[in-house]
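Asker: Here you go, one structure.
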Amino acid sequence: MKLYQKLRTAVPRLVVSQEEDEEEEEEDVDAPTPTGHSRLAPWWVGSGLLLTAVLLSTVTVWVLRQVSGGWHGPAPPSQCHQVPESHRFDCYPERRVVVTQELCEGRGCCFVETPPAAGGERGVPWCFYPPDFPSYALQSLNQTALGMVGLLVRREKAYYPRDIEVLRLDVELETDTRLHVKITDAANPRYEVPLEVPRAEKRAENPIYSLDFSKDPFGLLLRRRDTGTVLLNTTVAPLIFADQFLQISTALPSRFLYGLGEHRSTLLHSLDWSTLTLWARDVSPTESFNLYGAHPFYLLLEEGGDAHGVFLLNSNAMEVALQPAPALTWRTIGGVLDFYIFLGPDPNTVIQQYQEVIGLPAMPPLWALGFHLCRWGYGSSNETWQTVRAMRNFQIPQDTQWNDIDYMDEYRDFTFDPQKFASLPSLVEDLHKHGQHYVMILDPGISSTSPRGSYWPFDEGLRRGLFINTTQGQPLIGQVWPGYTAFADFSNGDTRRWWLENLQRFHAHVPFDGVWIDMNEPSNFMDGSEEGCPPGELDSPPYTPAVLGDSLSAKTVCASAKQSASVHYNLHNLYGLMEAEATASALIQIRGKRPFVISRSTFPSQGRYSGHWLGDNRSQWKDMYYSIPGMLSFSLFGIPLVGADICGFSGSTSEELCTRWMQLGAFYPFSRNHNSQNEKAQDPTAFSPAARTAMKDVLLTRYSLLPFLYTLFHHAHLHGETVARPLFFEFPRDTATYGLDRQFLWGRSLLVTPVLEPGVDSVTGYFPRGVWYDFYTGSSVNSSGETLKLPAPLEHLNLHLREGSILPTQKPGPTSEASRGNPLRLIVALSPGATAWGDLFWDDGESLDTFERGSYSYLVFNAMENVLTSSVLHTSTEAASATIGTLSIYGVREPPHKVLLNGQEKPFSYLDNQVLTVSGLGLGLDQAFSLQWL
């Protein structure tokens, strides 16, 4: 951390900051008036001069030069060589260009060749900013009711067209743990993301952060008050704000960076010159590619275990460049720089604070947490039905049956094949009779080739003008599964009404329960449209981020296409979010119950409307591994209902791979087995009796844990807590957890350690300090923070309970509905001090707003001094029919002589592994109780 101590000292300070005397009269935020330089103390005044003289003799001279003033021609070679390699910020990030010295120096930048990176990857940039590259200067800064407003002025042009010479800086101290910083054009409105965000009503009174500014060049420094850690330092590279190129860099206080999706990578990002691109794209999950969604949010663990998060509210094409300084550069090609910074100080609260801005996730119906089964290639509704019946015959739990696009008539939305899927309505009726549910796929590409008058969705959409248009005002025609298609414009409120009407018409024939929205990046088998894309700076911008295909229109629609709210250039990354919102709203109106939507493309706030699956993965061991960091990343993004295609979508799985993947997938929050056409079936009934039994057993384990999982989703919905979470969320001061992404937790209590390699009968897992109990047996491991080797035969998944936790479980049934009627079992995992805590949220599992309406029960369980108590904090009629039948208490060190329930003696059993069990209780959830062992 020495580097950041130097940065903190060396960066020029302004007298005006958030800590300025707040007795000063507030200025009008909408009309900032320069207050004169008497308020802006030059950085060279006083002791700063002495400090500068000392630091100029050190290796940090380049840092000082970055904040020393204007541009005076080409940088001297000696100045360029003084910049350490890890701190060289790329001045020529364009791909497909051989950067020569002439090109580089034409931008006024340093050119120093370095050895190429291994594997052909981009390494240390040869072209980088010199210390005195021109940037903006802070001309004025005034106090406002919520923070500060200022003007930034640029006196020399940068190298991208249409520099914006005067910028407006808005700083709002929204809460004690949330800071909002926005930079935009001072004179002209620019596109901003139409996302509902909270508005602060008063300035934070006791913020846990402090903010200072550099005047010339402009920069901001954000510090954590109690530790002094510099969380943001934007003085390390110049701010650039042109019409179609916005760039800002910051130093980072550590290398422990997470988030920035959607990408296939390890959970902990590499800062070794990697670039993450955010531009929604239909492509099988592959390392280094921009994938289906865009989430410009990162969480960073600081040295010592504190955490903070940064969210850039911007939906344009974007890339984030990471380098080992450590530092990060945001580059986007539109909109504004609208940052929210969340101070935590622990990882869990960072994510909660983030979701306070983007919105809390919806509460899913209980059946959404059961097991789902799908494939592309059933071929007919009868074949689909046969799979459902086979699952029932083997008594394998299943809540939901899905169909992929082959149920449609010629792949057209809102139709079903009248021959192959003629019995689809009967199948859905049968599912409902057995307490099961049905979900089908929909794509946003609407077939445009049917004879006029024969396909209502297109005819009516065309009549109402509800499709994305070309620059000429005609529906943009691309190609997807049904052939030539138009694309619904979900930014148009009228489109949402048309979408609802289509779903209503289809639901009248096939009463589906949920909707799977796919291909909504939007995906297009053509680049742009059947006519290509017109020339211009929307489709061919001055700078194109490192998108797959090197074009914004690669396998999607033209960026210049017109939508109701703006051009597609601005709205592309929002397409899946807008479709999810329209679909969830329609389901509520059609069914009157909680909607269930799974979307491929996502954007911040998506959790309010849908869950997500991780796309078209492959039946490979590495794909199974990558599903864990993918799942955990979406937990950071506020989309807790997430999972991957169990056993892989494309390619043929093996029995061993599918068994191990079913064990892992049983602990995805969203658990679905799905595979492609022309491959062997991979549902549990397709395998040998041994494999089938192993799959059934782990699904029964999931179903037994549904009360615990459902309660976790309640906390996610109510407070923004994560469901599946990385170990470092619970152990942020244990550095051994920072890179772990082969294990994960459900909540704070349940540790999952899956096998991710072929041909093994054991697995290694890290156990943070404390007592961990085998979920199945109650046997304990007392860890000092160790990696342990665990037996893992093919039929076994390792699950461990953390000390101090109480889990509500239930006797599993073949569906979540059947399970609800079974008695509950509380598993109490005592700490060494014989304490434990847990809770249970219980409602009817599907009605809207049960918590908001008070139609729920909520119980809290506590164990202390050999007494377990249940406190009923809220109750409703649903609780009257549910009972607690069994209590299992792990870690009871001495054999009890007797057990008392509400003062009455009860029979019990006690095992040598210190497990106490009391059965046959019949306690209603609406009854408080006390159980004592003596």
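Letters for chains follow the order of the structure tokens (A, B, ...), residue numbers begin at 1 for each chain, and ligand numbers begin at 1 in the order shown.
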Neighbours of Arg375 in chain A within 6 Å (only C-alpha atoms; same-chain residues fewer than 5 positions away dropped), as a PDB file with N, CA and C atoms, in the first residue's frame?
Answerer:
```
ATOM      1  N   HIS A 674     -30.902 -28.967 -19.146  1.00  0.00           N
ATOM      2  CA  HIS A 674     -31.334 -28.583 -20.497  1.00  0.00           C
ATOM      3  C   HIS A 674     -30.258 -28.983 -21.486  1.00  0.00           C
ATOM      4  N   ASN A 675     -30.661 -29.615 -22.586  1.00  0.00           N
ATOM      5  CA  ASN A 675     -29.669 -29.923 -23.612  1.00  0.00           C
ATOM      6  C   ASN A 675     -30.249 -29.715 -25.000  1.00  0.00           C
ATOM      7  N   SER A 676     -29.373 -29.864 -25.971  1.00  0.00           N
ATOM      8  CA  SER A 676     -29.677 -29.496 -27.347  1.00  0.00           C
ATOM      9  C   SER A 676     -30.248 -30.677 -28.130  1.00  0.00           C
TER      10      SER A 676
END
```
Asker: With the cut-off set at 9 Å and counting only C-alpha atoms, tabulate each residue of range 636-730 of chain A with an atom at most that distance from an atom of range 845-860 of chain A, showing the nearest atom pair and its distance in Å to one decimal, ordered by chain and increasing number, as CSV.
Answerer:
```
residue,atom,partner,partner_atom,distance
A:Tyr710,CA,A:Gly845,CA,8.9
A:His714,CA,A:Phe851,CA,8.9
A:Leu718,CA,A:Phe851,CA,8.8
```
Asker: In Å, rounded to a single decimal, give me how far CA of Tyr136 in chain A is from CA of Leu343 in chain A.
Answerer: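 Rounded to one decimal, the two atoms are 26.9 Å apart.
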Asker: Which one is closest to Ala187 in chain A: A:Ala251, A:Val166, A:Gly445, A:Pro475? Count only C-alpha atoms.
Answerer: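 Ranked by minimum distance to Ala187 in chain A, first place goes to A:Val166.
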Asker: Looking at only C-alpha atoms, which of A:Thr250, A:Glu581, A:Ala280, A:Pro754 is the one that sits closest to Pro522 in chain A?
Answerer: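 Going through A:Thr250, A:Glu581, A:Ala280, A:Pro754 one by one, the smallest distance to Pro522 in chain A is for A:Ala280.
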Asker: Find, counting only C-alpha atoms, the residue in A:Leu500, A:Cys80, A:Leu299, A:Met526 that gets nearest to Phe111 in chain A.
Answerer: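 Ranked by minimum distance to Phe111 in chain A, first place goes to A:Cys80.
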Asker: To test your reading of the structure, identify every residue in range 164-232 of chain A that backbone DSSP assigns to strand (DSSP E), and report it as a tab-separated table (two decimals) with N, CA, C and O atoms, in the first residue's frame.
Answerer:
```
chain	number	residue	atom	x	y	z
A	166	VAL	N	-16.86	22.11	-22.03
A	166	VAL	CA	-17.25	22.46	-20.67
A	166	VAL	C	-18.17	21.36	-20.13
A	166	VAL	O	-19.20	21.07	-20.73
A	167	LEU	N	-17.78	20.77	-19.03
A	167	LEU	CA	-18.55	19.71	-18.41
A	167	LEU	C	-19.12	20.18	-17.08
A	167	LEU	O	-18.57	21.06	-16.43
A	168	ARG	N	-20.20	19.55	-16.71
A	168	ARG	CA	-20.80	19.82	-15.41
A	168	ARG	C	-20.51	18.64	-14.49
A	168	ARG	O	-20.69	17.48	-14.86
A	169	LEU	N	-20.06	18.95	-13.30
A	169	LEU	CA	-19.78	17.95	-12.27
A	169	LEU	C	-20.83	18.09	-11.17
A	169	LEU	O	-20.99	19.17	-10.59
A	170	ASP	N	-21.54	17.01	-10.91
A	170	ASP	CA	-22.49	16.97	-9.79
A	170	ASP	C	-22.03	15.91	-8.80
A	170	ASP	O	-21.80	14.76	-9.18
A	171	VAL	N	-21.90	16.30	-7.56
A	171	VAL	CA	-21.53	15.39	-6.48
A	171	VAL	C	-22.63	15.44	-5.44
A	171	VAL	O	-22.95	16.52	-4.93
A	172	GLU	N	-23.22	14.29	-5.15
A	172	GLU	CA	-24.26	14.22	-4.13
A	172	GLU	C	-23.87	13.20	-3.07
A	172	GLU	O	-23.60	12.03	-3.40
A	173	LEU	N	-23.82	13.66	-1.82
A	173	LEU	CA	-23.54	12.77	-0.69
A	173	LEU	C	-24.89	12.20	-0.26
A	173	LEU	O	-25.54	12.69	0.64
A	174	GLU	N	-25.33	11.14	-0.96
A	174	GLU	CA	-26.71	10.68	-0.83
A	174	GLU	C	-26.99	10.02	0.51
A	174	GLU	O	-28.05	10.20	1.09
A	175	THR	N	-26.07	9.19	0.97
A	175	THR	CA	-26.20	8.57	2.28
A	175	THR	C	-24.81	8.51	2.90
A	175	THR	O	-23.81	8.85	2.26
A	178	ARG	N	-23.14	6.02	0.60
A	178	ARG	CA	-23.31	6.08	-0.85
A	178	ARG	C	-23.02	7.48	-1.37
A	178	ARG	O	-23.58	8.46	-0.89
A	179	LEU	N	-22.15	7.52	-2.36
A	179	LEU	CA	-21.76	8.77	-3.02
A	179	LEU	C	-22.17	8.68	-4.49
A	179	LEU	O	-22.00	7.65	-5.13
A	180	HIS	N	-22.69	9.79	-5.02
A	180	HIS	CA	-23.14	9.85	-6.41
A	180	HIS	C	-22.35	10.95	-7.10
A	180	HIS	O	-22.40	12.11	-6.71
A	181	VAL	N	-21.61	10.58	-8.16
A	181	VAL	CA	-20.79	11.53	-8.92
A	181	VAL	C	-21.19	11.43	-10.38
A	181	VAL	O	-21.13	10.36	-10.98
A	182	LYS	N	-21.55	12.56	-10.96
A	182	LYS	CA	-22.03	12.57	-12.34
A	182	LYS	C	-21.32	13.66	-13.12
A	182	LYS	O	-21.23	14.81	-12.68
A	183	ILE	N	-20.82	13.29	-14.30
A	183	ILE	CA	-20.14	14.23	-15.19
A	183	ILE	C	-20.86	14.19	-16.53
A	183	ILE	O	-20.99	13.12	-17.13
A	184	THR	N	-21.29	15.36	-17.00
A	184	THR	CA	-22.01	15.42	-18.27
A	184	THR	C	-21.76	16.75	-18.94
A	184	THR	O	-21.08	17.63	-18.40
A	185	ASP	N	-22.27	16.91	-20.14
A	185	ASP	CA	-22.17	18.13	-20.91
A	185	ASP	C	-22.87	19.26	-20.15
A	185	ASP	O	-24.04	19.14	-19.78
A	209	TYR	N	-16.90	8.42	4.26
A	209	TYR	CA	-15.92	8.71	3.21
A	209	TYR	C	-15.61	10.20	3.21
A	209	TYR	O	-16.38	11.02	3.73
A	210	SER	N	-14.47	10.54	2.64
A	210	SER	CA	-14.11	11.94	2.40
A	210	SER	C	-13.71	12.08	0.95
A	210	SER	O	-13.19	11.13	0.33
A	211	LEU	N	-13.93	13.25	0.40
A	211	LEU	CA	-13.70	13.48	-1.02
A	211	LEU	C	-12.88	14.75	-1.20
A	211	LEU	O	-13.21	15.80	-0.64
A	212	ASP	N	-11.81	14.65	-1.96
A	212	ASP	CA	-10.96	15.79	-2.30
A	212	ASP	C	-10.84	15.89	-3.81
A	212	ASP	O	-11.07	14.91	-4.53
A	213	PHE	N	-10.44	17.07	-4.29
A	213	PHE	CA	-10.36	17.31	-5.72
A	213	PHE	C	-9.00	17.86	-6.10
A	213	PHE	O	-8.39	18.62	-5.36
A	214	SER	N	-8.56	17.48	-7.27
A	214	SER	CA	-7.43	18.13	-7.93
A	214	SER	C	-8.02	19.17	-8.88
A	214	SER	O	-8.99	18.89	-9.60
A	219	GLY	N	-9.33	15.98	-11.05
A	219	GLY	CA	-9.38	14.61	-10.58
A	219	GLY	C	-10.04	14.57	-9.22
A	219	GLY	O	-10.13	15.60	-8.53
A	220	LEU	N	-10.51	13.42	-8.83
A	220	LEU	CA	-11.10	13.28	-7.50
A	220	LEU	C	-10.45	12.14	-6.76
A	220	LEU	O	-10.00	11.15	-7.36
A	221	LEU	N	-10.36	12.32	-5.45
A	221	LEU	CA	-9.83	11.29	-4.56
A	221	LEU	C	-10.87	10.99	-3.51
A	221	LEU	O	-11.31	11.89	-2.78
A	222	LEU	N	-11.26	9.74	-3.45
A	222	LEU	CA	-12.23	9.28	-2.46
A	222	LEU	C	-11.51	8.39	-1.46
A	222	LEU	O	-10.82	7.44	-1.85
A	223	ARG	N	-11.68	8.71	-0.18
A	223	ARG	CA	-11.02	7.94	0.87
A	223	ARG	C	-12.04	7.38	1.85
A	223	ARG	O	-13.10	7.96	2.06
A	224	ARG	N	-11.69	6.26	2.43
A	224	ARG	CA	-12.46	5.73	3.56
A	224	ARG	C	-11.94	6.42	4.81
A	224	ARG	O	-10.73	6.39	5.10
A	230	VAL	N	-7.38	5.04	0.00
A	230	VAL	CA	-7.84	5.76	-1.18
A	230	VAL	C	-8.60	4.76	-2.06
A	230	VAL	O	-8.02	3.82	-2.60
A	231	LEU	N	-9.89	4.96	-2.21
A	231	LEU	CA	-10.72	4.03	-2.97
A	231	LEU	C	-10.75	4.39	-4.45
A	231	LEU	O	-10.77	3.51	-5.31
A	232	LEU	N	-10.77	5.68	-4.76
A	232	LEU	CA	-10.72	6.17	-6.13
A	232	LEU	C	-9.69	7.29	-6.22
A	232	LEU	O	-9.63	8.15	-5.34
```
Asker: Give me the residues of range 787-905 of chain A that have any atom at most 9 Å from an atom of range 759-774 of chain A; for each, the nearest atom pair and the distance in Å, rounded to one decimal. Use only C-alpha atoms, sort by chain and number, and format it as CSV.
Answerer:
```
residue,atom,partner,partner_atom,distance
A:Thr787,CA,A:Tyr766,CA,4.2
A:Leu788,CA,A:Thr764,CA,5.4
A:Lys789,CA,A:Thr764,CA,4.3
A:Leu790,CA,A:Val763,CA,5.3
A:Pro791,CA,A:Ser762,CA,4.3
A:Ala792,CA,A:Ser762,CA,4.3
A:Pro793,CA,A:Asp761,CA,4.6
A:Leu794,CA,A:Asp761,CA,6.7
A:Asn798,CA,A:Asp774,CA,7.7
A:Leu799,CA,A:Asp774,CA,6.2
A:His800,CA,A:Asp774,CA,4.6
A:Leu801,CA,A:Tyr773,CA,4.9
A:Arg802,CA,A:Trp772,CA,4.9
A:Glu803,CA,A:Val771,CA,5.3
A:Gly804,CA,A:Val771,CA,8.9
A:Ala829,CA,A:Tyr773,CA,7.0
A:Leu830,CA,A:Val771,CA,8.7
A:Ser831,CA,A:Val771,CA,7.0
A:Pro832,CA,A:Val771,CA,7.6
A:Tyr890,CA,A:Tyr773,CA,7.4
A:Gly891,CA,A:Tyr773,CA,8.3
```
Asker: Output C-alpha atoms of each residue in that selection to a file, as a tab-separated table (two decimals), in the first residue's frame.
Answerer:
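Resulting contents of again14.tsv:
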```tsv
chain	number	residue	atom	x	y	z
A	787	THR	CA	-7.75	-27.03	2.95
A	788	LEU	CA	-9.09	-30.51	3.60
A	789	LYS	CA	-9.39	-33.61	1.44
A	790	LEU	CA	-12.91	-35.03	1.57
A	791	PRO	CA	-14.18	-38.40	0.37
A	792	ALA	CA	-16.48	-37.91	-2.64
A	793	PRO	CA	-17.66	-41.14	-4.24
A	794	LEU	CA	-19.85	-40.66	-7.30
A	798	ASN	CA	-20.15	-32.72	0.27
A	799	LEU	CA	-22.30	-30.29	2.24
A	800	HIS	CA	-21.31	-28.71	5.54
A	801	LEU	CA	-23.12	-26.53	8.04
A	802	ARG	CA	-21.39	-23.60	9.63
A	803	GLU	CA	-21.35	-23.38	13.39
A	804	GLY	CA	-23.98	-21.14	14.92
A	829	ALA	CA	-25.45	-26.48	14.31
A	830	LEU	CA	-24.11	-25.31	17.65
A	831	SER	CA	-21.08	-23.05	18.00
A	832	PRO	CA	-18.39	-23.95	20.54
A	890	TYR	CA	-25.37	-31.00	16.17
A	891	GLY	CA	-22.52	-30.43	18.59
```
Asker: Which value, in Å to one decimal, gives the distance between CA of Thr387 in chain A and CA of Asp844 in chain A?
Answerer: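 Interatomic distance here is 28.5 Å.
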Asker: Might you pull out every residue within 8 Å of Thr449 in chain A, with only C-alpha atoms counted and same-chain residues fewer than 3 positions away left off, and present them as a PDB file with N, CA and C atoms, in the first residue's frame?
Answerer:
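result_1.pdb, freshly written:
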```
ATOM      1  N   GLY A 483     -36.920 -17.311 -39.843  1.00  0.00           N
ATOM      2  CA  GLY A 483     -36.562 -16.676 -41.117  1.00  0.00           C
ATOM      3  C   GLY A 483     -36.486 -15.177 -40.924  1.00  0.00           C
ATOM      4  N   TYR A 484     -37.012 -14.443 -41.875  1.00  0.00           N
ATOM      5  CA  TYR A 484     -36.960 -12.992 -41.770  1.00  0.00           C
ATOM      6  C   TYR A 484     -37.891 -12.524 -40.654  1.00  0.00           C
ATOM      7  N   THR A 485     -37.400 -11.623 -39.836  1.00  0.00           N
ATOM      8  CA  THR A 485     -38.152 -11.187 -38.660  1.00  0.00           C
ATOM      9  C   THR A 485     -38.031  -9.682 -38.473  1.00  0.00           C
TER      10      THR A 485
END
```
